Structure formats: C-alpha cells, structure tokens
$ cat my_file.cif   # mmCIF, C-alpha atoms
data_model
#
loop_
_atom_site.label_atom_id
_atom_site.label_comp_id
_atom_site.auth_asym_id
_atom_site.auth_seq_id
_atom_site.Cartn_x
_atom_site.Cartn_y
_atom_site.Cartn_z
CA MET A 1 -33.66 63.26 -57.47
CA ASN A 2 -37.17 62.13 -56.82
CA THR A 3 -37.59 60.24 -53.55
CA GLU A 4 -39.29 57.30 -55.23
CA LEU A 5 -36.55 57.06 -57.85
CA GLN A 6 -33.86 57.31 -55.19
CA LYS A 7 -35.33 54.35 -53.31
CA LEU A 8 -35.36 52.27 -56.48
CA VAL A 9 -31.69 53.11 -57.06
CA GLU A 10 -30.80 52.06 -53.52
CA TYR A 11 -32.68 48.79 -53.94
CA ALA A 12 -30.87 48.08 -57.19
CA LEU A 13 -27.45 48.72 -55.61
CA VAL A 14 -28.01 46.51 -52.57
CA ASP A 15 -26.10 43.57 -54.08
CA GLY A 16 -23.25 45.80 -55.29
CA TYR A 17 -24.03 45.81 -58.99
CA ILE A 18 -26.88 46.66 -61.43
CA THR A 19 -28.17 44.27 -64.04
CA ASP A 20 -29.33 45.42 -67.47
CA LYS A 21 -32.92 44.76 -66.52
CA GLU A 22 -32.58 46.84 -63.34
CA ARG A 23 -31.00 49.68 -65.32
CA GLU A 24 -33.84 49.52 -67.87
CA VAL A 25 -36.46 49.71 -65.10
CA LEU A 26 -34.72 52.70 -63.54
CA ARG A 27 -34.52 54.52 -66.90
CA LYS A 28 -38.25 53.99 -67.55
CA LYS A 29 -39.10 55.27 -64.08
CA ALA A 30 -36.86 58.33 -64.54
CA GLN A 31 -38.40 59.03 -67.96
CA ASN A 32 -41.92 58.86 -66.51
CA LEU A 33 -40.90 61.22 -63.73
CA GLY A 34 -39.23 63.59 -66.19
CA PHE A 35 -35.73 62.97 -64.82
CA ASP A 36 -32.79 63.36 -67.19
CA LEU A 37 -31.62 59.89 -68.31
CA ASP A 38 -27.96 60.90 -68.81
CA GLU A 39 -27.89 62.30 -65.30
CA LEU A 40 -29.34 59.02 -64.02
CA ASP A 41 -26.63 57.00 -65.76
CA MET A 42 -23.96 59.25 -64.29
CA ILE A 43 -25.39 58.83 -60.77
CA LEU A 44 -25.56 55.04 -61.14
CA ASP A 45 -21.99 54.79 -62.44
CA GLY A 46 -20.74 56.97 -59.59
CA LYS A 47 -22.44 54.90 -56.92
CA LEU A 48 -21.16 51.66 -58.47
CA TYR A 49 -17.63 53.05 -58.43
CA GLU A 50 -17.88 53.98 -54.76
CA LEU A 51 -19.20 50.53 -53.88
CA ASN A 52 -16.45 48.74 -55.80
CA LYS A 53 -13.78 50.96 -54.29
CA SER A 54 -14.85 50.28 -50.70
CA SER A 55 -14.98 46.51 -51.30
CA LYS A 56 -11.38 46.22 -52.56
CA PRO A 57 -8.86 44.89 -50.05
CA LYS A 58 -6.70 47.47 -48.39
CA VAL A 59 -3.12 47.38 -49.49
CA ASN A 60 -0.68 47.93 -46.61
CA LYS A 61 2.67 49.44 -47.39
CA CYS A 62 5.70 49.69 -45.14
CA PRO A 63 6.04 53.32 -44.07
CA SER A 64 9.79 52.82 -43.87
CA CYS A 65 10.69 51.30 -47.26
CA GLY A 66 7.38 51.13 -49.15
CA GLU A 67 7.31 47.32 -49.39
CA ILE A 68 3.78 45.90 -49.85
CA LEU A 69 2.74 43.85 -46.80
CA SER A 70 0.39 40.90 -46.64
CA GLY A 71 -2.93 41.31 -44.87
CA LEU A 72 -1.86 39.36 -41.76
CA SER A 73 1.75 40.38 -41.51
CA ARG A 74 2.76 43.18 -39.18
CA VAL A 75 6.49 42.97 -39.92
CA CYS A 76 8.11 44.25 -43.10
CA PRO A 77 10.01 41.39 -44.78
CA SER A 78 12.52 43.86 -46.25
CA CYS A 79 13.49 46.10 -43.34
CA ASP A 80 11.89 44.31 -40.30
CA TYR A 81 9.84 47.40 -39.52
CA VAL A 82 6.95 46.58 -37.18
CA LEU A 83 3.69 48.05 -38.45
CA TYR A 84 0.79 48.69 -36.05
CA ALA A 85 -2.49 48.85 -37.90
CA GLU A 86 -4.44 49.47 -34.70
CA SER A 87 -3.86 52.00 -32.02
CA THR A 88 -1.33 51.14 -29.32
CA GLU A 89 -4.14 51.19 -26.77
CA ASN A 90 -5.85 48.14 -28.32
CA ILE A 91 -2.94 45.90 -29.27
CA GLN A 92 -0.33 43.98 -27.32
CA THR A 93 3.22 44.88 -28.09
CA LEU A 94 5.70 42.22 -29.12
CA ASP A 95 7.43 42.40 -25.75
CA GLU A 96 4.16 41.92 -23.90
CA MET A 97 3.23 38.89 -25.97
CA MET A 98 6.67 37.36 -25.49
CA ARG A 99 6.51 37.96 -21.75
CA SER A 100 3.10 36.32 -21.68
CA LEU A 101 4.45 33.21 -23.43
CA ASP A 102 7.47 33.15 -21.12
CA GLY A 103 5.13 33.34 -18.15
CA SER A 104 3.12 30.36 -19.34
CA VAL A 105 6.22 28.20 -19.81
CA SER A 106 7.63 29.31 -16.45
CA ALA A 107 4.31 28.51 -14.77
CA LEU A 108 4.52 24.99 -16.19
CA GLN A 109 8.04 24.56 -14.83
CA ALA A 110 7.03 25.89 -11.42
CA VAL A 111 4.15 23.45 -10.92
CA PRO A 112 4.84 21.70 -7.57
CA LYS A 113 5.15 17.95 -7.38
CA THR A 114 1.92 16.18 -6.62
CA GLY A 115 1.39 13.00 -4.64
CA ASN A 116 1.70 9.54 -6.11
CA SER A 117 -1.91 8.57 -5.42
CA LYS A 118 -2.89 8.80 -9.09
CA ILE A 119 0.03 6.59 -10.12
CA PHE A 120 -0.75 4.10 -7.35
CA ASN A 121 -4.45 3.98 -8.25
CA SER A 122 -3.63 3.39 -11.91
CA ALA A 123 -1.20 0.63 -10.97
CA ILE A 124 -3.84 -1.04 -8.80
CA LEU A 125 -6.38 -0.89 -11.64
CA ILE A 126 -3.86 -2.41 -14.07
CA VAL A 127 -3.20 -5.32 -11.71
CA VAL A 128 -6.84 -5.84 -10.76
CA THR A 129 -8.08 -5.75 -14.38
CA ALA A 130 -5.18 -7.91 -15.59
CA GLY A 131 -4.03 -5.16 -17.96
CA LEU A 132 -7.42 -4.24 -19.45
CA TYR A 133 -7.12 -0.80 -17.89
CA ILE A 134 -4.18 -0.13 -20.23
CA ILE A 135 -6.40 -0.73 -23.27
CA TYR A 136 -9.08 1.50 -21.80
CA LYS A 137 -6.68 4.40 -21.21
CA LYS A 138 -4.51 4.11 -24.31
CA VAL A 139 -7.00 2.96 -26.95
CA ILE A 140 -10.38 4.23 -25.82
CA LYS A 141 -9.59 7.44 -23.92
CA LYS A 142 -6.21 8.01 -25.61
CA GLU A 143 -4.64 9.26 -22.38
CA ALA A 144 -1.36 8.62 -20.64
CA LEU A 145 -1.50 5.90 -18.00
CA PHE A 146 0.45 7.58 -15.23
CA ASP A 147 0.44 11.31 -16.11
CA ARG A 148 -0.11 13.14 -12.83
CA TYR A 149 0.02 16.53 -14.57
CA ALA A 150 -2.40 15.77 -17.42
CA TYR A 151 -4.92 18.47 -16.46
CA ILE A 152 -2.23 21.14 -15.96
CA ASN A 153 -0.49 20.15 -19.19
CA GLU A 154 -3.72 20.52 -21.16
CA LYS A 155 -4.28 23.99 -19.74
CA ILE A 156 -0.73 25.16 -20.44
CA ILE A 157 -0.71 23.69 -23.95
CA ALA A 158 -4.00 25.40 -24.82
CA SER A 159 -2.74 28.71 -23.41
CA THR A 160 0.65 28.63 -25.11
CA ASP A 161 -0.82 27.50 -28.44
CA SER A 162 -3.16 30.49 -28.38
CA GLN A 163 -0.28 32.83 -27.57
CA VAL A 164 1.82 31.33 -30.36
CA ARG A 165 -0.99 31.80 -32.87
CA ASN A 166 -1.27 35.46 -31.97
CA LEU A 167 2.48 35.93 -32.26
CA ARG A 168 2.67 34.21 -35.63
CA THR A 169 -0.31 36.18 -36.92
CA LYS A 170 1.22 39.53 -36.08
CA TYR A 171 4.93 38.80 -36.29
CA GLY A 172 5.12 35.57 -38.24
CA ASP A 173 7.46 37.01 -40.87
CA ASP A 174 10.07 37.91 -38.28
CA GLN A 175 12.68 35.14 -38.16
CA ASN A 176 13.77 36.11 -34.66
CA VAL A 177 10.21 35.86 -33.40
CA ASN A 178 9.78 32.45 -35.04
CA GLN A 179 13.01 31.23 -33.50
CA TYR A 180 11.90 32.48 -30.10
CA ILE A 181 8.52 30.74 -30.47
CA ASN A 182 10.16 27.45 -31.47
CA GLU A 183 12.50 27.60 -28.47
CA ARG A 184 9.67 28.24 -26.01
CA ILE A 185 7.51 25.46 -27.45
CA ALA A 186 10.46 23.06 -27.38
CA GLU A 187 11.10 24.00 -23.75
CA ARG A 188 7.43 23.42 -22.90
CA ASP A 189 7.35 20.05 -24.63
CA ALA A 190 10.60 18.99 -22.93
CA VAL A 191 9.16 19.71 -19.47
CA ILE A 192 5.99 17.77 -20.25
CA ALA A 193 7.90 14.84 -21.77
CA LYS A 194 10.27 14.63 -18.80
CA ARG A 195 7.43 14.51 -16.31
CA GLN A 196 5.51 11.95 -18.34
CA LYS A 197 8.61 9.76 -18.56
CA GLY A 198 9.17 10.02 -14.81
CA ASP A 199 5.55 9.14 -14.10
CA THR A 200 5.73 6.19 -16.50
CA VAL A 201 8.83 4.81 -14.77
CA SER A 202 7.22 5.29 -11.36
CA GLY A 203 4.07 3.57 -12.58
CA ILE A 204 5.95 0.57 -13.95
CA ILE A 205 7.92 0.21 -10.71
CA THR A 206 4.68 0.42 -8.72
CA VAL A 207 3.00 -2.24 -10.86
CA VAL A 208 6.00 -4.56 -10.51
CA ALA A 209 6.09 -3.98 -6.75
CA ILE A 210 2.38 -4.74 -6.36
CA VAL A 211 2.65 -7.90 -8.46
CA GLY A 212 5.71 -8.97 -6.46
CA ILE A 213 3.94 -8.43 -3.15
CA LEU A 214 0.88 -10.35 -4.30
CA PHE A 215 3.08 -13.19 -5.54
CA ALA A 216 4.95 -13.32 -2.24
CA PHE A 217 1.69 -13.42 -0.30
CA SER A 218 0.41 -16.21 -2.52
CA LYS A 219 3.44 -18.31 -1.59
CA MET A 220 3.12 -17.69 2.11
CA GLU A 221 1.32 -20.21 4.27
CA MET A 222 -1.65 -18.82 6.03
CA PRO A 223 -1.08 -18.72 9.78
CA LYS A 224 -3.00 -21.30 11.70
CA PRO A 225 -5.65 -19.95 14.00
CA SER A 226 -4.18 -19.35 17.39
CA LYS A 227 -5.22 -21.67 20.15
CA PRO A 228 -7.12 -20.23 23.07
CA VAL A 229 -4.90 -19.15 25.93
CA GLU A 230 -4.55 -21.99 28.41
CA SER A 231 -5.05 -21.10 32.04
CA ALA A 232 -2.40 -21.89 34.63
CA GLU A 233 -4.77 -24.36 36.27
CA ASP A 234 -5.43 -26.29 33.05
CA LYS A 235 -1.75 -26.24 32.22
CA THR A 236 -0.83 -27.64 35.64
CA GLU A 237 -3.38 -30.44 35.37
CA ARG A 238 -2.13 -31.32 31.90
CA TYR A 239 1.48 -31.50 33.04
CA ILE A 240 0.55 -33.62 36.07
CA LYS A 241 -1.33 -36.10 33.87
CA ALA A 242 1.67 -36.25 31.55
CA GLY A 243 4.03 -36.82 34.49
CA ARG A 244 6.05 -33.68 33.69
CA ILE A 245 6.85 -32.65 37.23
CA GLY A 246 9.19 -29.73 36.52
CA GLN A 247 6.82 -27.99 34.11
CA ALA A 248 3.90 -28.68 36.43
CA LYS A 249 5.72 -26.86 39.25
CA ILE A 250 6.27 -23.81 37.03
CA ALA A 251 2.63 -23.73 35.97
CA LEU A 252 1.49 -24.22 39.58
CA ALA A 253 3.52 -21.19 40.66
CA GLU A 254 1.49 -19.05 38.23
CA MET A 255 -1.81 -19.98 39.90
CA GLU A 256 -3.49 -17.77 42.42
CA GLU A 257 -3.68 -18.95 46.00
CA GLY A 258 -6.75 -20.97 46.81
CA TYR A 259 -8.32 -24.35 47.30
CA GLN A 260 -7.69 -25.50 43.72
CA LYS A 261 -4.01 -24.67 43.95
CA ASP A 262 -3.69 -26.64 47.21
CA GLU A 263 -5.38 -29.65 45.62
CA LEU A 264 -3.07 -29.57 42.61
CA ASP A 265 -0.07 -29.07 44.90
CA ASN A 266 -0.96 -32.27 46.77
CA LEU A 267 -1.37 -34.18 43.52
CA LEU A 268 1.96 -32.90 42.28
CA ARG A 269 3.68 -33.84 45.55
CA ASP A 270 2.27 -37.38 45.39
CA LEU A 271 3.44 -37.65 41.80
CA GLU A 272 6.93 -36.53 42.73
CA ILE A 273 7.08 -38.92 45.71
CA ASP A 274 6.02 -41.85 43.55
CA SER A 275 8.53 -40.89 40.89
CA LEU A 276 11.41 -40.71 43.38
CA THR A 277 10.34 -43.92 45.07
CA ASN A 278 10.19 -45.79 41.78
CA ALA A 279 13.65 -44.50 41.03
CA GLU A 280 14.77 -45.86 44.46
CA ASP A 281 15.61 -42.34 45.61
CA TYR A 282 13.96 -42.92 48.95
CA ASP A 283 15.75 -40.13 50.75
CA GLY A 284 14.59 -37.71 48.09
CA ALA A 285 11.03 -38.96 48.44
CA LEU A 286 11.17 -38.52 52.23
CA ASN A 287 12.50 -35.00 51.82
CA VAL A 288 9.54 -34.14 49.59
CA ILE A 289 7.16 -35.57 52.18
CA ARG A 290 8.72 -33.61 55.00
CA ALA A 291 8.90 -30.43 52.93
CA GLY A 292 5.12 -30.25 52.97
CA HIS A 293 5.06 -30.30 56.78
CA ILE A 294 5.68 -27.33 59.06
CA GLY A 295 5.72 -27.61 62.86
CA ALA A 296 6.30 -30.32 65.46
CA TYR A 297 3.04 -32.11 64.90
CA ILE A 298 3.13 -34.51 61.97
CA PRO A 299 -0.28 -35.09 60.40
CA TYR A 300 -1.42 -38.63 59.87
CA GLU A 301 -1.46 -38.30 56.09
CA ILE A 302 2.19 -37.24 55.96
CA GLN A 303 3.30 -39.91 58.42
CA ASP A 304 1.41 -42.54 56.49
CA LYS A 305 3.14 -41.52 53.24
CA SER A 306 6.49 -41.59 55.01
CA ASP A 307 5.82 -45.11 56.35
CA ILE A 308 4.97 -46.35 52.86
CA VAL A 309 8.26 -45.03 51.44
CA ILE A 310 10.28 -46.43 54.35
CA GLU A 311 8.62 -49.82 53.97
CA GLN A 312 9.48 -49.88 50.26
CA GLN A 313 13.07 -48.94 51.05
CA ILE A 314 13.34 -51.69 53.70
CA ASN A 315 11.92 -54.26 51.29
CA SER A 316 14.53 -53.20 48.79
CA LEU A 317 17.28 -53.65 51.39
CA LEU A 318 15.91 -57.03 52.46
CA LEU A 319 16.07 -58.24 48.89
CA LYS A 320 19.74 -57.42 49.02
CA ALA A 321 20.09 -59.13 52.43
CA GLU A 322 21.20 -55.84 53.98
CA PHE A 323 19.44 -56.47 57.27
CA ASP A 324 21.49 -54.06 59.39
CA LYS A 325 20.77 -51.14 57.06
CA ALA A 326 17.14 -52.10 57.05
CA ARG A 327 17.03 -51.89 60.87
CA GLU A 328 18.62 -48.43 60.67
CA ARG A 329 15.76 -47.23 58.47
CA VAL A 330 13.11 -48.59 60.82
CA VAL A 331 13.64 -45.74 63.29
CA LEU A 332 12.39 -43.28 60.63
CA ALA A 333 8.97 -44.90 60.59
CA SER A 334 6.13 -44.18 62.97
CA TYR A 335 6.02 -45.93 66.31
CA VAL A 336 3.28 -48.32 65.25
CA LYS A 337 5.01 -49.08 61.97
CA GLN A 338 8.37 -49.74 63.62
CA GLY A 339 7.16 -52.92 65.34
CA GLU A 340 5.68 -54.23 62.13
CA LEU A 341 8.87 -53.54 60.21
CA ASN A 342 11.10 -55.12 62.87
CA LEU A 343 9.05 -58.32 62.74
CA LEU A 344 9.33 -58.27 58.96
CA ILE A 345 13.10 -57.88 59.13
CA ASP A 346 13.51 -60.65 61.71
CA LYS A 347 11.36 -62.98 59.71
CA ARG A 348 13.23 -62.30 56.49
CA GLU A 349 16.61 -62.58 58.17
CA SER A 350 15.68 -65.91 59.80
CA ALA A 351 14.43 -67.27 56.51
CA TYR A 352 17.58 -66.10 54.80
CA LYS A 353 19.81 -67.83 57.38
CA ASN A 354 17.87 -71.07 57.17
CA LEU A 355 18.24 -71.00 53.45
CA GLN A 356 21.95 -70.45 53.83
CA GLU A 357 22.25 -73.42 56.16
CA GLN A 358 20.39 -75.64 53.80
CA ASN A 359 22.62 -74.65 50.96
CA LYS A 360 25.82 -75.53 52.86
CA PRO A 361 27.49 -78.73 51.48
CA THR A 362 27.31 -81.76 53.90
CA LYS A 363 30.47 -83.79 54.77
CA ARG A 364 30.26 -87.53 53.97
CA LYS A 365 31.45 -90.03 56.60
CA LYS A 366 34.26 -92.42 55.57
CA SER A 367 33.04 -95.99 55.28
CA ARG A 368 34.92 -98.82 57.01
CA ARG A 369 36.42 -101.51 54.96
#

$ encode --input "my_file.cif" --output "structure tokens"
Amino acid sequence: MNTELQKLVEYALVDGYITDKEREVLRKKAQNLGFDLDELDMILDGKLYELNKSSKPKVNKCPSCGEILSGLSRVCPSCDYVLYAESTENIQTLDEMMRSLDGSVSALQAVPKTGNSKIFNSAILIVVTAGLYIIYKKVIKKEALFDRYAYINEKIIASTDSQVRNLRTKYGDDQNVNQYINERIAERDAVIAKRQKGDTVSGIITVVAIVGILFAFSKMEMPKPSKPVESAEDKTERYIKAGRIGQAKIALAEMEEGYQKDELDNLLRDLEIDSLTNAEDYDGALNVIRAGHIGAYIPYEIQDKSDIVIEQQINSLLLKAEFDKARERVVLASYVKQGELNLLIDKRESAYKNLQEQNKPTKRKKSRR
C-alpha cells in the first residue's frame, strides 16, 4: 500500500470507525494512485474488526467450573474458586490482606491511655464560655467534645476503610470474607465507641467538679488581710495600758534584755503593786516590792514604795479601830516613816477614845422632894 494512502487510512481509523465520507475520500485517493478498490475495502474492514475486538470488555471465566465472573470479582460465586488475574508477585493474597486488617484493629486496641489534659482543657472552656464551646465543637467543627483519641481514630478508620475496600473489590462475593470484614469493622467501632463514652463521662464529671468548686469558692468569705505581727514590746505596752497584768508578764518575758525591757518591767511592777493595794492585799503588794530588790541595801525608790503601801494598810486598820495591829505594821516601814506613823496612830487612837467617852450615856442625879 502506498505510504500516503496508508497514512490517510490511519487518520481515518483514529476514532475507531470510518464514516461514509471518509471511505469515499479513501476510495478516490486509492483510485488516483491506481490501488485496487476491493483490496482497500478489505483492508479497512479488517482494521475495523481488529479495533472493535480489542475494545470489547474481557470476559473472565472460572477455570474451575466455567462460570462467567464480573469484572471486579476475584471469587467464583459457584465454586468459591479464587481467581488471580495478576501475577502473584504484584497482588496481595487474601491472607495478607486479612492480616493487615487485623493488624490495624489490634493497633487501635493497643493504643496506650493518654493523659486527661485534653478533657480538662475542654471542661475549662465549657465553663469559661458558659457552654458556647459545646456549640462550637458539635455544630461548627462537628467533633466530639472530650475525645482524647480523635486523631488516632481518624487514622485507623481511614486505614481500615481502605483495606476493606480492597478486600471487597477482590473478594466481595465471598460470604466468609464479608462476614470477616463486618466482624472486624464492628470490633473497631466498638473500641472507638467505648473510649468516646468513657471520655464523655470523664468530661461531664470534670465539668461538674469545676462548677462545684467555683460555687463553693463563691460562697466562701474572703479571708481578712492579716494584721502585721505585733512585737513583744508593743504587746507588753498594750497589756500594761489595759491593766492585764498576767498577759503583760508573758509578753515581757519574750522581750530581749535591755533598757526598754527594764522600763516596762518597772511599769508592770508598779501596776501590780497598785492593783494589789487597791484590793487590800497589802502583803502581796509588799512581796512584789521586795521581789524587785536583791541584796542588803534597799534603794530609796523601793523603800518609798514600801512606805506608801504600809501607810495605806495602817490607814485601813485605823478605820477599823485596830490600833494594835496598826502598830505591828509600823515596824515594816522605814525608820523615818515609823515616827510619822506612830504619831498618826496615837492621834487617831486618842480621837477615837474621846469620841467613845462623849458617846457614853450620862447618869442623871435624883432630885430631892
């Protein structure tokens, strides 16, 4: 066949068929070139047949029983014979695909437990946003609120779905394979559902706990600011001003030795002496006075305080006309004070006796008749 005519034939057969116009053009060209027209028709019909034959779908038949198989099926529906259209080097066997699916489900089950930080963070956001976070997650993002395994679940689901599609494509007509696939998918979904349920319960408990804690804090009274620590010196002065002798002594004992402590000790002693004297516990007051003195020499200040207490005690006895007891107390006073007190006692006793004499009833003389 002429090269030019051959090219025209190839161009005409590009779309898989020849129109009447294309056939007419080819016949004219062949006639001009002196090519036999019947031979041209035979060549065209042969090429069309070859093209149509190669474009027909391949019909697979079971080599075991002769049953016609669908294009996607690799399992004979009559005898369950597994047909491999490709070489065994380029295709996974059924066992390998099943082991792969088993491995994916087992990997999901073996995922270790993660911390509760995601659940806690979600619970905090729910409380802080007054529940708006729930709308954001469920409505907008369409995600679970407390699913700690969301990322892993998505990966496993995508992997197992791909494996299931491959299994169904190659062995979808096998009832045993379909049953196996359904069991594995159900097992996968059960693991995911159980974890999601557990996370949901944990999340609800966390939200309730946070709300409860916040409510409890809202009912608690805020602690008052602590007062500055009071020094032992300030405490002693405050107790002395309040007349609380016992507490003042305790506070004084906490002070460090020094001039200020001695000053406060003297003030406290004077307060105690006055308190005992006012309570007419003169002996107790004298004991306090003498307790502050060590040695044979008695300072003027201590002796003066002692004289004041003794004088008050003697005045108290004189009011009761107990002159003898008053004289007994005089000896406790200083030498100078003793003379003064003795004169006081004598004067009071004399006045008392004169008053007694005046109060005696006088006897009337009998008149003569």

$ resolve_selection --input "my_file.cif" --expression "the PyMOL selection byres ((chain A and resi 181-185) around 10)" --output "PyMOL selection string"
chain A and resi 98+101-102+104-106+157+160-161+163-165+167-168+172+175-180+186-191

$ closest_residue --input "my_file.cif" --among "A:Leu145, A:Asp270, A:Asn342, A:Glu357" --to "Leu132 in chain A" --atoms "all atoms listed in the file"
A:Leu145

$ resolve_selection --input "my_file.cif" --expression "the PyMOL selection byres ((chain A and resi 344-355) around 10)" --output "ChimeraX atom specification"
/A:311,314-315,317-319,321-324,326-327,330,338-343,356-360

$ atom_distance --input "my_file.cif" --atom1 "CA of Leu268 in chain A" --atom2 "CA of Val288 in chain A"
10.6 Å

$ residues_around --input "my_file.cif" --residues "range 195-203 of chain A" --least-positions-apart "4" --cutoff "6 Å" --atoms "only C-alpha atoms" --output "compact mmCIF listing (two decimals) with C-alpha atoms, in the coordinates of the input"
# COMPACT_ATOMS: atom_id res chain seq x y z
CA ILE A 119 0.03 6.59 -10.12
CA PHE A 146 0.45 7.58 -15.23
CA ASP A 147 0.44 11.31 -16.11

$ atom_distance --input "my_file.cif" --atom1 "CA of Leu252 in chain A" --atom2 "CA of Asp304 in chain A"
24.9 Å

$ atom_distance --input "my_file.cif" --atom1 "CA of Gly243 in chain A" --atom2 "CA of Asp262 in chain A"
18.0 Å

$ closest_residue --input "my_file.cif" --among "A:Arg27, A:Lys305, A:Lys137, A:Lys235" --to "Ala253 in chain A" --atoms "only C-alpha atoms"
A:Lys235

$ residues_around --input "my_file.cif" --residues "Gly34 in chain A" --least-positions-apart "6" --cutoff "12 Å" --atoms "all atoms listed in the file" --output "VMD selection string"
chain A and resid 1 to 2 5 27 to 28 40

$ residues_near_point --input "my_file.cif" --point "(1.6, -7.6, -8.8)" --cutoff "12 Å" --atoms "all atoms listed in the file" --output "list in words"
Ala123, Ile124, Leu125, Ile126, Val127, Val128, Thr129, Ala130, Gly131, Ile204, Ile205, Thr206, Val207, Val208, Ala209, Ile210, Val211, Gly212, Ile213, Leu214, Phe215, Ala216, Phe217 and Ser218 of chain A

$ closest_residue --input "my_file.cif" --among "A:Ala232, A:Ala193, A:Ile310, A:Leu267" --to "Asp281 in chain A" --atoms "only C-alpha atoms"
A:Ile310

$ closest_residue --input "my_file.cif" --among "A:Gln303, A:Gln312, A:Leu94, A:Ala251" --to "Asp283 in chain A" --atoms "all atoms listed in the file"
A:Gln312

$ axis_aligned_box --input "my_file.cif" --around "range 297-310 of chain A" --padding-each-side "3 Å" --output "JSON"
{"center_x": 4.4, "center_y": -39.3, "center_z": 58.2, "size_x": 17.7, "size_y": 20.3, "size_z": 19.5}

$ residues_around --input "my_file.cif" --residues "Gln6 in chain A" --least-positions-apart "4" --cutoff "12 Å" --atoms "all atoms listed in the file" --output "list in words"
Met1, Asn2, Glu10, Tyr11, Ala12, Leu13, Leu26, Lys29, Ala30, Leu33, Phe35, Leu40, Ile43, Leu44 and Lys47 of chain A

$ closest_residue --input "my_file.cif" --among "A:Ser316, A:Gln109, A:Ser78, A:Asn287" --to "Glu272 in chain A" --atoms "all atoms listed in the file"
A:Asn287
